[in-house]
>>> print(open('my_file.txt').read())   # compact mmCIF, C-alpha atoms and all ligand atoms
# COMPACT_ATOMS: atom_id res chain seq x y z
CA MET A 1 5.87 17.36 25.40
CA PRO A 2 4.01 14.10 25.98
CA SER A 3 6.09 10.95 26.13
CA PHE A 4 5.07 7.43 25.07
CA LYS A 5 6.70 4.02 25.00
CA LEU A 6 6.71 2.16 21.70
CA LEU A 7 7.85 -1.31 20.79
CA LEU A 8 8.88 -1.46 17.14
CA LEU A 9 8.79 -4.94 15.62
CA ALA A 10 9.92 -4.63 12.03
CA GLY A 11 9.87 -8.36 11.22
CA ASP A 12 10.80 -9.78 7.83
CA GLY A 13 10.92 -8.89 4.15
CA ILE A 14 9.93 -5.28 3.54
CA GLY A 15 9.12 -4.86 7.27
CA PRO A 16 12.43 -3.18 8.17
CA GLU A 17 12.25 -0.87 5.13
CA VAL A 18 8.79 0.45 5.91
CA MET A 19 9.62 0.64 9.64
CA ALA A 20 12.56 2.90 8.80
CA GLU A 21 10.00 5.43 7.55
CA VAL A 22 8.14 5.27 10.87
CA LYS A 23 11.43 6.10 12.58
CA ARG A 24 11.81 9.10 10.29
CA LEU A 25 8.34 10.19 11.43
CA LEU A 26 9.25 9.75 15.11
CA GLY A 27 12.25 11.98 14.48
CA PHE A 28 9.93 14.64 13.09
CA TYR A 29 7.66 14.54 16.17
CA ALA A 30 10.62 14.77 18.54
CA LYS A 31 12.37 17.55 16.64
CA ASN A 32 9.24 19.67 16.56
CA GLY A 33 8.40 19.14 20.22
CA ILE A 34 5.13 17.38 19.37
CA ALA A 35 5.74 14.11 21.19
CA ASP A 36 8.62 12.07 22.47
CA PHE A 37 8.20 8.48 21.36
CA GLN A 38 10.70 6.33 23.19
CA SER A 39 11.12 3.28 21.07
CA GLU A 40 12.57 -0.08 21.77
CA GLU A 41 13.03 -2.66 19.04
CA GLY A 42 12.62 -6.40 18.98
CA LEU A 43 12.70 -9.40 16.68
CA VAL A 44 9.60 -11.15 15.41
CA GLY A 45 8.80 -13.74 12.75
CA GLY A 46 11.51 -15.34 10.67
CA ALA A 47 14.10 -12.88 11.94
CA CYS A 48 13.40 -14.07 15.47
CA TYR A 49 13.36 -17.71 14.43
CA ASP A 50 16.83 -17.35 12.92
CA ALA A 51 18.15 -15.95 16.18
CA HIS A 52 16.15 -17.86 18.82
CA LYS A 53 14.28 -20.74 17.08
CA VAL A 54 10.92 -19.22 18.08
CA ALA A 55 8.74 -16.64 16.29
CA ILE A 56 8.77 -14.29 19.27
CA THR A 57 10.55 -14.56 22.62
CA ASP A 58 9.02 -14.23 26.10
CA ALA A 59 11.27 -11.23 26.69
CA THR A 60 9.85 -9.45 23.64
CA MET A 61 6.32 -10.37 24.73
CA ALA A 62 7.03 -8.75 28.10
CA LYS A 63 8.14 -5.58 26.31
CA ALA A 64 4.97 -5.67 24.22
CA HIS A 65 2.87 -5.85 27.40
CA ALA A 66 4.76 -2.91 28.87
CA ALA A 67 4.59 -0.66 25.80
CA ASP A 68 1.93 1.99 25.18
CA ALA A 69 1.69 0.59 21.66
CA VAL A 70 3.35 -2.00 19.47
CA ILE A 71 4.20 -0.98 15.92
CA PHE A 72 4.48 -4.03 13.71
CA GLY A 73 5.93 -4.39 10.21
CA ALA A 74 5.37 -7.75 8.51
CA VAL A 75 6.42 -11.37 8.92
CA GLY A 76 7.02 -14.45 6.80
CA GLY A 77 8.74 -15.56 3.63
CA PRO A 78 9.74 -18.66 1.68
CA LYS A 79 12.96 -18.93 3.68
CA TRP A 80 10.92 -20.26 6.62
CA ASP A 81 8.57 -22.57 4.71
CA LYS A 82 10.06 -25.63 6.39
CA VAL A 83 10.24 -24.49 10.02
CA PRO A 84 7.97 -26.30 12.53
CA PHE A 85 4.37 -25.04 12.41
CA GLU A 86 4.54 -23.72 16.01
CA ALA A 87 7.60 -21.63 15.17
CA ARG A 88 6.52 -20.33 11.75
CA PRO A 89 6.87 -16.53 11.42
CA GLU A 90 3.10 -15.94 11.55
CA ALA A 91 2.96 -17.60 14.98
CA GLY A 92 4.73 -14.53 16.41
CA LEU A 93 2.03 -12.23 15.11
CA LEU A 94 -0.76 -14.50 16.32
CA ARG A 95 0.77 -14.72 19.81
CA LEU A 96 0.95 -10.93 20.03
CA ARG A 97 -2.70 -10.65 19.06
CA LYS A 98 -3.85 -13.38 21.42
CA ASP A 99 -1.71 -12.62 24.47
CA LEU A 100 -2.37 -8.88 24.31
CA GLY A 101 -6.09 -9.60 23.85
CA LEU A 102 -6.33 -7.51 20.68
CA PHE A 103 -9.79 -8.66 19.63
CA ALA A 104 -10.78 -5.63 17.56
CA ASN A 105 -8.98 -5.15 14.27
CA ILE A 106 -9.93 -1.92 12.52
CA ARG A 107 -9.03 -1.88 8.83
CA PRO A 108 -10.16 1.32 7.10
CA ALA A 109 -10.20 1.31 3.30
CA ILE A 110 -9.95 4.83 1.99
CA VAL A 111 -9.39 5.85 -1.60
CA TYR A 112 -7.17 8.92 -1.77
CA PRO A 113 -8.37 11.28 -4.54
CA ALA A 114 -5.05 10.98 -6.39
CA LEU A 115 -5.36 7.20 -6.50
CA ALA A 116 -8.88 6.68 -7.84
CA ASP A 117 -7.35 5.42 -11.08
CA ALA A 118 -4.88 3.05 -9.42
CA SER A 119 -7.62 0.56 -8.52
CA SER A 120 -8.39 -2.26 -10.91
CA LEU A 121 -12.03 -1.19 -10.57
CA LYS A 122 -13.61 1.72 -12.44
CA ARG A 123 -13.08 5.19 -11.00
CA GLU A 124 -16.79 5.73 -10.26
CA VAL A 125 -16.91 2.53 -8.22
CA VAL A 126 -14.10 3.51 -5.83
CA GLU A 127 -13.81 7.30 -5.98
CA GLY A 128 -14.41 8.78 -2.52
CA LEU A 129 -14.59 5.35 -0.87
CA ASP A 130 -14.33 5.42 2.92
CA ILE A 131 -15.29 2.18 4.68
CA VAL A 132 -14.06 0.21 7.67
CA ILE A 133 -13.67 -3.52 7.95
CA LEU A 134 -13.86 -4.49 11.59
CA ARG A 135 -12.37 -7.93 11.96
CA GLU A 136 -12.64 -10.10 15.08
CA LEU A 137 -9.00 -10.96 15.78
CA THR A 138 -8.55 -13.32 18.72
CA GLY A 139 -11.13 -16.04 18.09
CA GLY A 140 -12.64 -18.23 15.41
CA VAL A 141 -10.78 -20.74 13.34
CA TYR A 142 -7.43 -19.02 13.89
CA PHE A 143 -7.32 -20.16 17.50
CA GLY A 144 -10.05 -22.82 17.93
CA GLU A 145 -9.07 -26.23 19.34
CA PRO A 146 -8.69 -28.95 18.23
CA LYS A 147 -6.34 -27.87 15.46
CA THR A 148 -4.60 -31.03 14.32
CA ILE A 149 -3.42 -33.30 11.55
CA THR A 150 -3.88 -36.97 12.47
CA ASP A 151 -2.46 -39.95 10.63
CA LEU A 152 -5.37 -42.34 10.07
CA GLY A 153 -2.96 -45.21 9.46
CA ASN A 154 -4.47 -46.22 6.12
CA GLY A 155 -2.41 -43.88 4.00
CA GLN A 156 -4.86 -41.11 4.83
CA LYS A 157 -4.47 -38.14 7.13
CA ARG A 158 -7.19 -35.99 8.65
CA ALA A 159 -6.82 -32.26 9.25
CA VAL A 160 -9.07 -30.41 11.66
CA ASP A 161 -9.46 -26.70 12.31
CA THR A 162 -12.11 -25.54 14.71
CA GLN A 163 -14.30 -22.49 14.23
CA VAL A 164 -15.57 -21.48 17.65
CA TYR A 165 -17.21 -18.32 19.02
CA ASP A 166 -18.73 -17.57 22.41
CA THR A 167 -21.46 -14.97 22.88
CA TYR A 168 -19.17 -12.49 24.64
CA GLU A 169 -16.64 -12.54 21.80
CA ILE A 170 -19.28 -11.68 19.24
CA GLU A 171 -20.94 -9.11 21.45
CA ARG A 172 -17.79 -7.14 22.23
CA ILE A 173 -16.76 -6.85 18.57
CA ALA A 174 -20.31 -5.94 17.54
CA ARG A 175 -20.32 -3.23 20.19
CA ILE A 176 -17.18 -1.69 18.67
CA ALA A 177 -18.84 -1.83 15.25
CA PHE A 178 -21.90 0.08 16.47
CA GLU A 179 -19.76 2.62 18.31
CA LEU A 180 -17.60 3.19 15.22
CA ALA A 181 -20.69 3.52 13.03
CA ARG A 182 -22.12 6.20 15.34
CA GLN A 183 -19.06 8.33 14.65
CA ARG A 184 -19.38 7.73 10.91
CA ARG A 185 -22.42 7.15 8.67
CA ASN A 186 -24.31 5.10 11.23
CA LYS A 187 -24.54 1.83 9.33
CA VAL A 188 -23.24 -1.64 10.22
CA THR A 189 -23.18 -4.63 7.89
CA SER A 190 -22.56 -7.92 9.69
CA MET A 191 -21.17 -10.76 7.57
CA GLU A 192 -21.21 -14.49 8.39
CA LYS A 193 -22.32 -17.79 6.83
CA ARG A 194 -25.36 -18.69 8.91
CA ASN A 195 -26.68 -20.74 5.99
CA VAL A 196 -23.84 -23.24 6.61
CA MET A 197 -22.16 -22.57 9.95
CA LYS A 198 -23.40 -22.70 13.53
CA THR A 199 -20.99 -19.91 14.43
CA GLY A 200 -22.77 -17.88 11.76
CA VAL A 201 -26.15 -18.59 13.36
CA LEU A 202 -24.91 -17.42 16.77
CA TRP A 203 -23.07 -14.45 15.27
CA HIS A 204 -26.25 -13.25 13.59
CA GLU A 205 -28.34 -13.74 16.73
CA VAL A 206 -25.91 -11.90 19.03
CA VAL A 207 -25.38 -8.93 16.70
CA GLU A 208 -29.12 -8.62 16.16
CA GLY A 209 -29.82 -8.82 19.90
CA LEU A 210 -27.25 -6.18 20.84
CA GLN A 211 -28.59 -3.79 18.24
CA ALA A 212 -32.18 -4.25 19.47
CA ARG A 213 -31.13 -3.65 23.09
CA GLU A 214 -28.64 -0.82 22.80
CA TYR A 215 -28.12 0.48 19.28
CA LYS A 216 -31.55 0.96 17.71
CA ASP A 217 -30.32 4.26 16.27
CA VAL A 218 -27.72 2.46 14.13
CA GLN A 219 -28.83 0.86 10.87
CA LEU A 220 -27.96 -2.84 10.83
CA GLU A 221 -27.94 -5.15 7.85
CA HIS A 222 -26.79 -8.76 7.53
CA MET A 223 -25.06 -10.32 4.55
CA LEU A 224 -23.77 -13.80 3.91
CA ALA A 225 -20.01 -13.42 3.70
CA ASP A 226 -19.72 -14.71 0.13
CA ALA A 227 -22.37 -12.28 -1.08
CA GLY A 228 -20.59 -9.60 0.95
CA GLY A 229 -17.37 -10.28 -0.95
CA MET A 230 -19.25 -9.91 -4.20
CA GLN A 231 -20.91 -6.66 -3.08
CA LEU A 232 -17.53 -5.30 -1.98
CA VAL A 233 -16.26 -5.36 -5.55
CA ARG A 234 -19.62 -4.56 -7.16
CA TRP A 235 -20.52 -1.40 -5.22
CA PRO A 236 -18.32 -0.88 -2.15
CA LYS A 237 -19.75 2.54 -1.35
CA GLN A 238 -22.92 0.91 -0.01
CA PHE A 239 -20.95 0.01 3.14
CA ASP A 240 -19.92 2.01 6.18
CA VAL A 241 -18.72 -0.44 8.86
CA ILE A 242 -18.46 -4.14 8.03
CA VAL A 243 -18.13 -6.41 11.06
CA THR A 244 -17.08 -10.00 10.57
CA ASP A 245 -15.16 -12.90 12.06
CA ASN A 246 -11.44 -13.56 12.00
CA LEU A 247 -11.20 -15.63 8.80
CA PHE A 248 -13.80 -13.79 6.71
CA GLY A 249 -12.25 -10.54 7.92
CA ASP A 250 -8.84 -11.68 6.73
CA MET A 251 -10.15 -12.35 3.25
CA LEU A 252 -12.54 -9.43 2.94
CA SER A 253 -9.92 -6.94 4.08
CA ASP A 254 -7.54 -8.07 1.34
CA VAL A 255 -10.38 -7.49 -1.14
CA ALA A 256 -11.05 -4.08 0.38
CA ALA A 257 -7.35 -3.27 0.17
CA MET A 258 -7.33 -3.67 -3.58
CA LEU A 259 -10.25 -1.26 -3.90
CA THR A 260 -7.81 1.39 -2.70
CA GLY A 261 -5.33 0.60 -5.46
CA SER A 262 -2.79 -1.47 -3.60
CA LEU A 263 -2.27 -3.61 -0.53
CA GLY A 264 0.48 -1.11 0.19
CA MET A 265 -2.11 1.48 1.16
CA LEU A 266 -4.10 -0.23 3.92
CA PRO A 267 -3.31 0.42 7.61
CA SER A 268 -4.77 -1.35 10.61
CA ALA A 269 -5.20 -1.01 14.34
CA SER A 270 -5.70 -3.94 16.69
CA LEU A 271 -7.16 -2.97 20.02
CA GLY A 272 -7.88 -4.76 23.29
CA GLU A 273 -10.43 -4.19 26.02
CA LEU A 274 -10.51 -0.72 27.56
CA ASP A 275 -8.90 -0.73 31.02
CA ALA A 276 -11.47 0.90 33.30
CA LYS A 277 -8.75 2.39 35.52
CA THR A 278 -6.27 3.74 33.01
CA LYS A 279 -8.81 4.41 30.23
CA ARG A 280 -6.22 2.94 27.87
CA CYS A 281 -6.21 -0.24 25.88
CA LYS A 282 -3.46 -2.52 24.64
CA ALA A 283 -2.84 -1.82 21.00
CA MET A 284 -0.81 -2.89 18.01
CA TYR A 285 -0.62 -1.12 14.66
CA GLU A 286 0.33 -2.89 11.47
CA PRO A 287 -0.07 -2.56 7.73
CA VAL A 288 -2.46 -5.09 6.16
CA HIS A 289 0.17 -6.08 3.60
CA GLY A 290 2.61 -8.90 4.16
CA SER A 291 6.39 -9.10 4.01
CA ALA A 292 6.53 -9.13 0.17
CA PRO A 293 9.80 -11.11 0.00
CA ASP A 294 9.92 -10.68 -3.80
CA ILE A 295 10.63 -6.95 -3.50
CA ALA A 296 12.35 -6.92 -0.10
CA GLY A 297 15.61 -4.99 0.16
CA LYS A 298 15.07 -3.18 -3.13
CA GLY A 299 13.67 0.07 -1.75
CA MET A 300 10.50 -0.48 -3.78
CA ALA A 301 7.98 -1.04 -1.00
CA ASN A 302 5.18 1.41 -0.40
CA PRO A 303 5.55 2.81 3.15
CA ILE A 304 2.10 4.44 3.19
CA ALA A 305 0.21 1.57 4.87
CA MET A 306 2.88 1.53 7.59
CA LEU A 307 2.86 5.31 8.04
CA ALA A 308 -0.95 5.40 8.08
CA SER A 309 -0.89 2.61 10.68
CA PHE A 310 1.21 4.89 12.84
CA GLY A 311 -1.43 7.55 12.17
CA MET A 312 -3.98 5.19 13.68
CA ALA A 313 -1.72 4.89 16.75
CA LEU A 314 -1.76 8.68 17.08
CA ARG A 315 -5.54 8.58 16.96
CA TYR A 316 -6.40 5.54 19.07
CA SER A 317 -3.51 5.22 21.53
CA PHE A 318 -2.16 8.72 22.02
CA ASN A 319 -5.23 10.90 21.75
CA MET A 320 -3.52 12.93 19.01
CA GLY A 321 -6.36 13.00 16.50
CA LYS A 322 -5.24 16.32 15.05
CA GLU A 323 -1.76 14.97 14.36
CA ALA A 324 -3.35 11.88 12.79
CA ASP A 325 -5.41 14.11 10.48
CA ARG A 326 -2.26 16.05 9.62
CA LEU A 327 -0.41 12.86 8.75
CA ASP A 328 -3.28 11.72 6.52
CA ALA A 329 -3.25 15.11 4.81
CA ALA A 330 0.52 14.86 4.31
CA ILE A 331 0.12 11.44 2.68
CA ALA A 332 -2.65 12.77 0.44
CA SER A 333 -0.53 15.71 -0.59
CA ALA A 334 2.55 13.62 -1.37
CA LEU A 335 0.29 11.52 -3.60
CA GLY A 336 -1.29 14.70 -4.98
CA LYS A 337 2.16 15.80 -6.11
CA GLY A 338 2.29 12.72 -8.31
CA LEU A 339 4.78 10.71 -6.25
CA ARG A 340 4.23 6.96 -6.54
CA THR A 341 5.94 3.81 -5.39
CA ALA A 342 5.96 0.99 -7.95
CA ASP A 343 2.77 -0.67 -6.69
CA ILE A 344 0.64 2.42 -7.43
CA LYS A 345 2.57 3.81 -10.38
CA SER A 346 0.47 5.08 -13.27
CA GLU A 347 1.21 7.08 -16.39
CA GLY A 348 2.41 10.62 -15.88
CA THR A 349 3.43 10.12 -12.25
CA LYS A 350 6.89 10.01 -10.70
CA LEU A 351 8.32 6.73 -9.48
CA VAL A 352 9.91 7.04 -6.04
CA SER A 353 11.58 4.66 -3.62
CA THR A 354 10.39 3.70 -0.14
CA SER A 355 12.60 6.28 1.53
CA GLU A 356 11.79 9.00 -1.00
CA MET A 357 8.09 8.49 -0.29
CA GLY A 358 8.72 8.61 3.47
CA GLU A 359 10.81 11.74 3.06
CA ALA A 360 8.10 13.35 0.94
CA VAL A 361 5.40 12.62 3.52
CA VAL A 362 7.50 14.10 6.32
CA GLY A 363 8.34 17.02 4.03
CA GLU A 364 4.62 17.69 3.54
CA LEU A 365 4.11 17.45 7.31
CA GLU A 366 6.74 20.14 7.85
CA LYS A 367 4.68 22.43 5.64
CA LEU A 368 1.25 21.75 7.16
C1 LIG B 1 -3.30 -10.42 8.11
C2 LIG B 1 -2.36 -11.52 7.70
C3 LIG B 1 -2.21 -12.53 8.84
C4 LIG B 1 -3.56 -13.14 9.11
C5 LIG B 1 -1.15 -13.62 8.59
C6 LIG B 1 0.21 -13.02 8.31
C7 LIG B 1 -1.08 -14.59 9.73
O1 LIG B 1 -2.82 -12.12 6.54
O2 LIG B 1 -3.02 -9.75 9.14
O3 LIG B 1 -4.29 -10.20 7.44
O4 LIG B 1 -3.95 -14.12 8.48
O5 LIG B 1 -4.25 -12.61 9.99
MG MG B 2 -4.53 -11.17 5.69
>>> encode(input="my_file.txt", output="structure tokens", more="lines below")
Ligand code: IPM
Ligand code: MG
Amino acid sequence: MPSFKLLLLAGDGIGPEVMAEVKRLLGFYAKNGIADFQSEEGLVGGACYDAHKVAITDATMAKAHAADAVIFGAVGGPKWDKVPFEARPEAGLLRLRKDLGLFANIRPAIVYPALADASSLKREVVEGLDIVILRELTGGVYFGEPKTITDLGNGQKRAVDTQVYDTYEIERIARIAFELARQRRNKVTSMEKRNVMKTGVLWHEVVEGLQAREYKDVQLEHMLADAGGMQLVRWPKQFDVIVTDNLFGDMLSDVAAMLTGSLGMLPSASLGELDAKTKRCKAMYEPVHGSAPDIAGKGMANPIAMLASFGMALRYSFNMGKEADRLDAAIASALGKGLRTADIKSEGTKLVSTSEMGEAVVGELEKL
């Protein structure tokens, strides 16, 4: 049986609860001789701050570099509102993304048949939805320098964030978008704000140029990011792959998440450059949702985004596409049986806890 090295970083809030369901899944794969996932665990976010006064330690970073994949829960919470900016929980996540070079963040938004009524949008708008938001993850305003607050000395302060993109950063994410589209419905929508931002002008130019040179067979359209947000809620099925920068991608993927009924449903994969020698890439898998401190520790969290994120690991890191399909089918069938966590509960369905949902998914896997 194949063997892989995982680093599990559960983080804060509901992170540990949803991570427990991944561990249940790992147990299933080991027991059935499908794969042996050797997992180490580490602290990240507020949990790490409490222990070490930083959001992630160098030792944990070294483990992340050495792992075949990092599985990440969630970070943050009001408890750490006052910690220094450099040590805030989110800094741990951002360091992982940056230091591992995970520039490509794949966020699929899929509406499971059983959940078409859980969305706040009409059934016909979301039924059968299957789109991907491809978010640039290591550049833009998240990391651009200068990033400062300066005291102007006259009772005023000035805050600066810097939005910066080089050609290569845009080109490599656009390339992933075109490659993904070729395996899907062959359409890419690129979103930026070239009517206001220089980075938008360059973004548009680079995406356009790459398509003309290498991807003429893929349909490309451009949308201003604000109009794109509007189109996402008006008629999301017009999209196939949306490619956009770090900040717009953050916002648009939260919008896309709600199309599926709940933030608790959206998985993501963050991938780095392919290593020419090993044919592998650094990778981290995390749900799009946050740490949800308001429901943490109550067994209410929806583990599906976390489990589906592990499904993406099976697909992109471990070449186990069939197992990934099986996991997706198991999730769909648990939902089909009417099991719902609180976030997706509707009339006539059965409310279950985090662990009951995890158990049900693994139970369905046993049957498939
Ligand atoms: C996300 C989150 C993060 C982000 C936060 C936790 C820093 O919102 O992954 O979408 O802004 O990227
Ligand atoms: Mg976000």
>>> atom_distance(input="my_file.txt", atom1="CA of Val164 (chain A)", atom2="CA of Phe239 (chain A)")
26.5 Å
>>> residues_near_ligand(input="my_file.txt", ligand="ligand LIG 1 (chain B)", cutoff="9 Å", atoms="all atoms listed in the file", output="MDAnalysis selection string")
chainID A and resid 74:76 89:94 137 142 246:247 249:251 253:254 268 286:291
>>> atom_distance(input="my_file.txt", atom1="CA of Arg97 (chain A)", atom2="CA of Leu271 (chain A)")
8.9 Å
>>> closest_residue(input="my_file.txt", among="A:Ala67, A:Leu252, A:Leu43, A:Val111", to="ligand MG 2 (chain B)", atoms="all atoms listed in the file")
A:Leu252
>>> atom_distance(input="my_file.txt", atom1="CA of Leu224 (chain A)", atom2="CA of Ser262 (chain A)")
25.5 Å
>>> residues_around(input="my_file.txt", residues="Tyr112 (chain A)", least_positions_apart="3", cutoff="7 Å", atoms="all atoms listed in the file", output="PyMOL selection string")
chain A and resi 115-116+332
>>> closest_residue(input="my_file.txt", among="A:Met1, A:Val125, A:Leu263, A:Ala10", to="ligand MG 2 (chain B)", atoms="all atoms listed in the file")
A:Leu263
>>> residues_around(input="my_file.txt", residues="Arg213 (chain A)", least_positions_apart="4", cutoff="12 Å", atoms="all atoms listed in the file", output="PyMOL selection string")
chain A and resi 171+175+178+206-209+217-218
>>> residues_near_point(input="my_file.txt", point="(-0.3, -1.8, 5.4)", cutoff="12 Å", atoms="all atoms listed in the file", output="NGL selection string")
:A and (14-15 or 18-19 or 71-74 or 106-109 or 253-254 or 257-258 or 260 or 262-269 or 285-292 or 301-312)
>>> write_last_selection(input="my_file.txt", atoms="C-alpha atoms", output="PDB file, in the coordinates of the input")
ATOM      1  CA  ILE A  14       9.930  -5.280   3.540  1.00  0.00           C
ATOM      2  CA  GLY A  15       9.120  -4.860   7.270  1.00  0.00           C
ATOM      3  CA  VAL A  18       8.790   0.450   5.910  1.00  0.00           C
ATOM      4  CA  MET A  19       9.620   0.640   9.640  1.00  0.00           C
ATOM      5  CA  ILE A  71       4.200  -0.980  15.920  1.00  0.00           C
ATOM      6  CA  PHE A  72       4.480  -4.030  13.710  1.00  0.00           C
ATOM      7  CA  GLY A  73       5.930  -4.390  10.210  1.00  0.00           C
ATOM      8  CA  ALA A  74       5.370  -7.750   8.510  1.00  0.00           C
ATOM      9  CA  ILE A 106      -9.930  -1.920  12.520  1.00  0.00           C
ATOM     10  CA  ARG A 107      -9.030  -1.880   8.830  1.00  0.00           C
ATOM     11  CA  PRO A 108     -10.160   1.320   7.100  1.00  0.00           C
ATOM     12  CA  ALA A 109     -10.200   1.310   3.300  1.00  0.00           C
ATOM     13  CA  SER A 253      -9.920  -6.940   4.080  1.00  0.00           C
ATOM     14  CA  ASP A 254      -7.540  -8.070   1.340  1.00  0.00           C
ATOM     15  CA  ALA A 257      -7.350  -3.270   0.170  1.00  0.00           C
ATOM     16  CA  MET A 258      -7.330  -3.670  -3.580  1.00  0.00           C
ATOM     17  CA  THR A 260      -7.810   1.390  -2.700  1.00  0.00           C
ATOM     18  CA  SER A 262      -2.790  -1.470  -3.600  1.00  0.00           C
ATOM     19  CA  LEU A 263      -2.270  -3.610  -0.530  1.00  0.00           C
ATOM     20  CA  GLY A 264       0.480  -1.110   0.190  1.00  0.00           C
ATOM     21  CA  MET A 265      -2.110   1.480   1.160  1.00  0.00           C
ATOM     22  CA  LEU A 266      -4.100  -0.230   3.920  1.00  0.00           C
ATOM     23  CA  PRO A 267      -3.310   0.420   7.610  1.00  0.00           C
ATOM     24  CA  SER A 268      -4.770  -1.350  10.610  1.00  0.00           C
ATOM     25  CA  ALA A 269      -5.200  -1.010  14.340  1.00  0.00           C
ATOM     26  CA  TYR A 285      -0.620  -1.120  14.660  1.00  0.00           C
ATOM     27  CA  GLU A 286       0.330  -2.890  11.470  1.00  0.00           C
ATOM     28  CA  PRO A 287      -0.070  -2.560   7.730  1.00  0.00           C
ATOM     29  CA  VAL A 288      -2.460  -5.090   6.160  1.00  0.00           C
ATOM     30  CA  HIS A 289       0.170  -6.080   3.600  1.00  0.00           C
ATOM     31  CA  GLY A 290       2.610  -8.900   4.160  1.00  0.00           C
ATOM     32  CA  SER A 291       6.390  -9.100   4.010  1.00  0.00           C
ATOM     33  CA  ALA A 292       6.530  -9.130   0.170  1.00  0.00           C
ATOM     34  CA  ALA A 301       7.980  -1.040  -1.000  1.00  0.00           C
ATOM     35  CA  ASN A 302       5.180   1.410  -0.400  1.00  0.00           C
ATOM     36  CA  PRO A 303       5.550   2.810   3.150  1.00  0.00           C
ATOM     37  CA  ILE A 304       2.100   4.440   3.190  1.00  0.00           C
ATOM     38  CA  ALA A 305       0.210   1.570   4.870  1.00  0.00           C
ATOM     39  CA  MET A 306       2.880   1.530   7.590  1.00  0.00           C
ATOM     40  CA  LEU A 307       2.860   5.310   8.040  1.00  0.00           C
ATOM     41  CA  ALA A 308      -0.950   5.400   8.080  1.00  0.00           C
ATOM     42  CA  SER A 309      -0.890   2.610  10.680  1.00  0.00           C
ATOM     43  CA  PHE A 310       1.210   4.890  12.840  1.00  0.00           C
ATOM     44  CA  GLY A 311      -1.430   7.550  12.170  1.00  0.00           C
ATOM     45  CA  MET A 312      -3.980   5.190  13.680  1.00  0.00           C
TER      46      MET A 312
END
>>> residues_around(input="my_file.txt", residues="Thr244 (chain A)", least_positions_apart="4", cutoff="7 Å", atoms="all atoms listed in the file", output="list of chain:residue names")
A:Leu134, A:Arg135, A:Glu136, A:Ser190, A:Met191, A:Glu192, A:Phe248, A:Gly249
>>> closest_residue(input="my_file.txt", among="A:Gln38, A:Arg234, A:Lys277, A:Arg326", to="Lys122 (chain A)", atoms="all atoms listed in the file")
A:Arg234
>>> closest_residue(input="my_file.txt", among="A:Lys282, A:Lys337, A:Lys322, A:Lys63", to="Ala104 (chain A)", atoms="all atoms listed in the file")
A:Lys282
